[in-house]
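Worksheet for the structure shown next.
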Amino acid sequence: MTTRLEHNVADTRFEIYLDDTLAGYADYAEHDDPKVRDFHHTMTFPEFRGRGVAAQVVEYALNDSRTEGFAIVPTCWYVEKYIAEHREYADLVA
């Protein structure tokens, strides 16, 4: 099974594909002053649950946000939980 992670800028979300099928995503709203991404929704489609899809897409989104200089507002409960369990991302929280 192949995994592909993408930043869909037009739809303001990070996406994860398994074998070229959209398996889940993390939606955000972006602000420029200051540079903040508010992650408000994470979705894993039912047929892909239990495979770590949400964790992979959130990790990708947080790493991209760090690289691009954005702070994070974890409005989504899953993003908040992920950061609490992976303290190396705690410094991103606005």
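Convention: chains lettered A, B, ... in structure tokens order; per-chain residue numbering from 1; ligands numbered from 1 as shown.
Scanning chain A with DSSP on the backbone, the alpha helix (DSSP H) assignments fall on A:Val53, A:Ala54, A:Ala55, A:Gln56, A:Val57, A:Val58, A:Glu59, A:Tyr60, A:Ala61, A:Leu62, A:Asn63, A:Asp64, A:Ser65, A:Arg66, A:Thr67, A:Trp77, A:Tyr78, A:Val79, A:Glu80, A:Lys81, A:Tyr82, A:Ile83, A:Ala84, A:Glu85.
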Hey, can you spit out that residue selection with N, CA and C atoms as a PDB file, in the first residue's frame?
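Now in result-v6.pdb:
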ATOM      1  N   VAL A  53      -3.962   6.843  10.133  1.00  0.00           N
ATOM      2  CA  VAL A  53      -4.085   7.852   9.077  1.00  0.00           C
ATOM      3  C   VAL A  53      -4.089   9.269   9.655  1.00  0.00           C
ATOM      4  N   ALA A  54      -4.899   9.508  10.667  1.00  0.00           N
ATOM      5  CA  ALA A  54      -4.994  10.845  11.258  1.00  0.00           C
ATOM      6  C   ALA A  54      -3.649  11.286  11.821  1.00  0.00           C
ATOM      7  N   ALA A  55      -2.956  10.394  12.496  1.00  0.00           N
ATOM      8  CA  ALA A  55      -1.645  10.737  13.060  1.00  0.00           C
ATOM      9  C   ALA A  55      -0.657  11.117  11.968  1.00  0.00           C
ATOM     10  N   GLN A  56      -0.670  10.395  10.861  1.00  0.00           N
ATOM     11  CA  GLN A  56       0.262  10.692   9.777  1.00  0.00           C
ATOM     12  C   GLN A  56      -0.017  12.049   9.150  1.00  0.00           C
ATOM     13  N   VAL A  57      -1.283  12.353   8.906  1.00  0.00           N
ATOM     14  CA  VAL A  57      -1.601  13.627   8.258  1.00  0.00           C
ATOM     15  C   VAL A  57      -1.360  14.794   9.206  1.00  0.00           C
ATOM     16  N   VAL A  58      -1.636  14.622  10.491  1.00  0.00           N
ATOM     17  CA  VAL A  58      -1.390  15.697  11.461  1.00  0.00           C
ATOM     18  C   VAL A  58       0.111  15.926  11.620  1.00  0.00           C
ATOM     19  N   GLU A  59       0.894  14.876  11.705  1.00  0.00           N
ATOM     20  CA  GLU A  59       2.343  15.036  11.795  1.00  0.00           C
ATOM     21  C   GLU A  59       2.874  15.789  10.571  1.00  0.00           C
ATOM     22  N   TYR A  60       2.414  15.430   9.396  1.00  0.00           N
ATOM     23  CA  TYR A  60       2.824  16.103   8.162  1.00  0.00           C
ATOM     24  C   TYR A  60       2.434  17.586   8.201  1.00  0.00           C
ATOM     25  N   ALA A  61       1.206  17.867   8.645  1.00  0.00           N
ATOM     26  CA  ALA A  61       0.720  19.242   8.731  1.00  0.00           C
ATOM     27  C   ALA A  61       1.530  20.065   9.726  1.00  0.00           C
ATOM     28  N   LEU A  62       1.857  19.478  10.860  1.00  0.00           N
ATOM     29  CA  LEU A  62       2.637  20.208  11.868  1.00  0.00           C
ATOM     30  C   LEU A  62       4.058  20.459  11.383  1.00  0.00           C
ATOM     31  N   ASN A  63       4.658  19.476  10.746  1.00  0.00           N
ATOM     32  CA  ASN A  63       6.012  19.668  10.212  1.00  0.00           C
ATOM     33  C   ASN A  63       6.032  20.743   9.125  1.00  0.00           C
ATOM     34  N   ASP A  64       5.039  20.731   8.249  1.00  0.00           N
ATOM     35  CA  ASP A  64       4.954  21.758   7.210  1.00  0.00           C
ATOM     36  C   ASP A  64       4.743  23.134   7.833  1.00  0.00           C
ATOM     37  N   SER A  65       3.891  23.208   8.830  1.00  0.00           N
ATOM     38  CA  SER A  65       3.627  24.483   9.497  1.00  0.00           C
ATOM     39  C   SER A  65       4.896  25.025  10.135  1.00  0.00           C
ATOM     40  N   ARG A  66       5.666  24.160  10.772  1.00  0.00           N
ATOM     41  CA  ARG A  66       6.934  24.585  11.378  1.00  0.00           C
ATOM     42  C   ARG A  66       7.885  25.117  10.299  1.00  0.00           C
ATOM     43  N   THR A  67       8.030  24.366   9.217  1.00  0.00           N
ATOM     44  CA  THR A  67       8.926  24.763   8.131  1.00  0.00           C
ATOM     45  C   THR A  67       8.532  26.109   7.533  1.00  0.00           C
ATOM     46  N   TRP A  77      -9.965  18.666  18.382  1.00  0.00           N
ATOM     47  CA  TRP A  77      -9.583  17.865  19.552  1.00  0.00           C
ATOM     48  C   TRP A  77      -8.459  16.886  19.217  1.00  0.00           C
ATOM     49  N   TYR A  78      -8.449  16.349  18.006  1.00  0.00           N
ATOM     50  CA  TYR A  78      -7.429  15.368  17.667  1.00  0.00           C
ATOM     51  C   TYR A  78      -6.054  16.016  17.560  1.00  0.00           C
ATOM     52  N   VAL A  79      -5.992  17.184  16.956  1.00  0.00           N
ATOM     53  CA  VAL A  79      -4.707  17.898  16.850  1.00  0.00           C
ATOM     54  C   VAL A  79      -4.211  18.259  18.243  1.00  0.00           C
ATOM     55  N   GLU A  80      -5.103  18.703  19.101  1.00  0.00           N
ATOM     56  CA  GLU A  80      -4.735  19.024  20.487  1.00  0.00           C
ATOM     57  C   GLU A  80      -4.181  17.788  21.194  1.00  0.00           C
ATOM     58  N   LYS A  81      -4.859  16.651  21.028  1.00  0.00           N
ATOM     59  CA  LYS A  81      -4.419  15.390  21.642  1.00  0.00           C
ATOM     60  C   LYS A  81      -3.059  14.960  21.073  1.00  0.00           C
ATOM     61  N   TYR A  82      -2.894  15.086  19.776  1.00  0.00           N
ATOM     62  CA  TYR A  82      -1.636  14.683  19.137  1.00  0.00           C
ATOM     63  C   TYR A  82      -0.468  15.501  19.699  1.00  0.00           C
ATOM     64  N   ILE A  83      -0.649  16.799  19.818  1.00  0.00           N
ATOM     65  CA  ILE A  83       0.413  17.659  20.358  1.00  0.00           C
ATOM     66  C   ILE A  83       0.694  17.318  21.818  1.00  0.00           C
ATOM     67  N   ALA A  84      -0.339  17.023  22.600  1.00  0.00           N
ATOM     68  CA  ALA A  84      -0.152  16.642  24.001  1.00  0.00           C
ATOM     69  C   ALA A  84       0.665  15.363  24.124  1.00  0.00           C
ATOM     70  N   GLU A  85       0.498  14.453  23.159  1.00  0.00           N
ATOM     71  CA  GLU A  85       1.223  13.175  23.185  1.00  0.00           C
ATOM     72  C   GLU A  85       2.582  13.250  22.491  1.00  0.00           C
TER      73      GLU A  85
END
For Tyr28 of chain A, find every residue with an atom within 6 Å (counting only C-alpha atoms), except residues of its own chain fewer than 2 positions away, and show them as a VMD selection string. chain A and resid 12 to 13 38 to 40
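Every protein, DNA or RNA residue with an atom at most 9 Å from Glu15 of chain A, where only C-alpha atoms count and chain neighbours fewer than 5 positions away do not, is listed here: A:Arg4, A:Leu5, A:Glu6, A:His7, A:Asn8, A:Leu22, A:Ala23, A:Gly24, A:Tyr25, A:Ala26, A:Asp27, A:Val57, A:Ala61.
Neighbouring residues of Asp33 of chain A at 12 Å or closer, counting only C-alpha atoms and skipping chain neighbours under 3 positions away, are Glu30, Val36, Arg37, Gly69, Phe70 and Ala71 of chain A.
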Fill in: Residues flagged strand (DSSP E or B) by DSSP in chain A, as a PyMOL selection string
chain A and resi 3-8+13-18+21-32+35-44+71-74+93
Next, write the just-selected residues to a file, as a JSON list (two decimals), in the first residue's frame, keeping C-alpha atoms as the atom set.
[["chain", "number", "residue", "atom", "x", "y", "z"],
["A", 3, "THR", "CA", 0.92, 6.48, 1.13],
["A", 4, "ARG", "CA", 1.00, 10.00, -0.28],
["A", 5, "LEU", "CA", 0.73, 13.19, 1.78],
["A", 6, "GLU", "CA", -0.16, 16.50, 0.14],
["A", 7, "HIS", "CA", -0.79, 20.09, 1.11],
["A", 8, "ASN", "CA", -3.92, 21.15, -0.77],
["A", 13, "ARG", "CA", -6.15, 21.25, 4.11],
["A", 14, "PHE", "CA", -3.50, 18.57, 4.35],
["A", 15, "GLU", "CA", -4.49, 15.29, 2.73],
["A", 16, "ILE", "CA", -3.41, 11.68, 2.96],
["A", 17, "TYR", "CA", -3.93, 9.19, 0.16],
["A", 18, "LEU", "CA", -3.62, 5.42, 0.45],
["A", 21, "THR", "CA", -7.59, 7.11, -2.62],
["A", 22, "LEU", "CA", -8.21, 10.04, -0.28],
["A", 23, "ALA", "CA", -8.16, 8.48, 3.19],
["A", 24, "GLY", "CA", -8.33, 11.59, 5.36],
["A", 25, "TYR", "CA", -7.41, 15.21, 5.85],
["A", 26, "ALA", "CA", -6.77, 18.00, 8.33],
["A", 27, "ASP", "CA", -8.55, 21.32, 7.62],
["A", 28, "TYR", "CA", -7.20, 24.66, 8.75],
["A", 29, "ALA", "CA", -7.78, 28.40, 8.51],
["A", 30, "GLU", "CA", -4.67, 30.49, 7.88],
["A", 31, "HIS", "CA", -3.88, 33.96, 9.18],
["A", 32, "ASP", "CA", -0.91, 36.08, 8.12],
["A", 35, "LYS", "CA", 1.34, 33.63, 10.90],
["A", 36, "VAL", "CA", -1.08, 31.12, 12.44],
["A", 37, "ARG", "CA", -2.84, 28.00, 11.21],
["A", 38, "ASP", "CA", -5.97, 27.11, 13.13],
["A", 39, "PHE", "CA", -6.54, 23.37, 12.68],
["A", 40, "HIS", "CA", -10.27, 23.00, 13.19],
["A", 41, "HIS", "CA", -11.11, 19.57, 11.78],
["A", 42, "THR", "CA", -9.41, 16.23, 11.17],
["A", 43, "MET", "CA", -11.20, 13.50, 9.23],
["A", 44, "THR", "CA", -10.40, 9.86, 8.53],
["A", 71, "ALA", "CA", 2.19, 28.85, 14.89],
["A", 72, "ILE", "CA", -0.69, 26.45, 15.54],
["A", 73, "VAL", "CA", -4.09, 26.79, 17.16],
["A", 74, "PRO", "CA", -5.31, 23.24, 17.84],
["A", 93, "VAL", "CA", 1.01, 26.25, 19.87]]
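The interatomic distance for the pair atom CA of Val9 of chain A and atom CA of Tyr89 of chain A works out to 21.8 Å.
Between atom CA of Gly50 of chain A and atom CA of His86 of chain A the interatomic distance comes to 18.8 Å.
One finds atom CA of Leu92 of chain A at 11.5 Å from atom CA of Glu68 of chain A.
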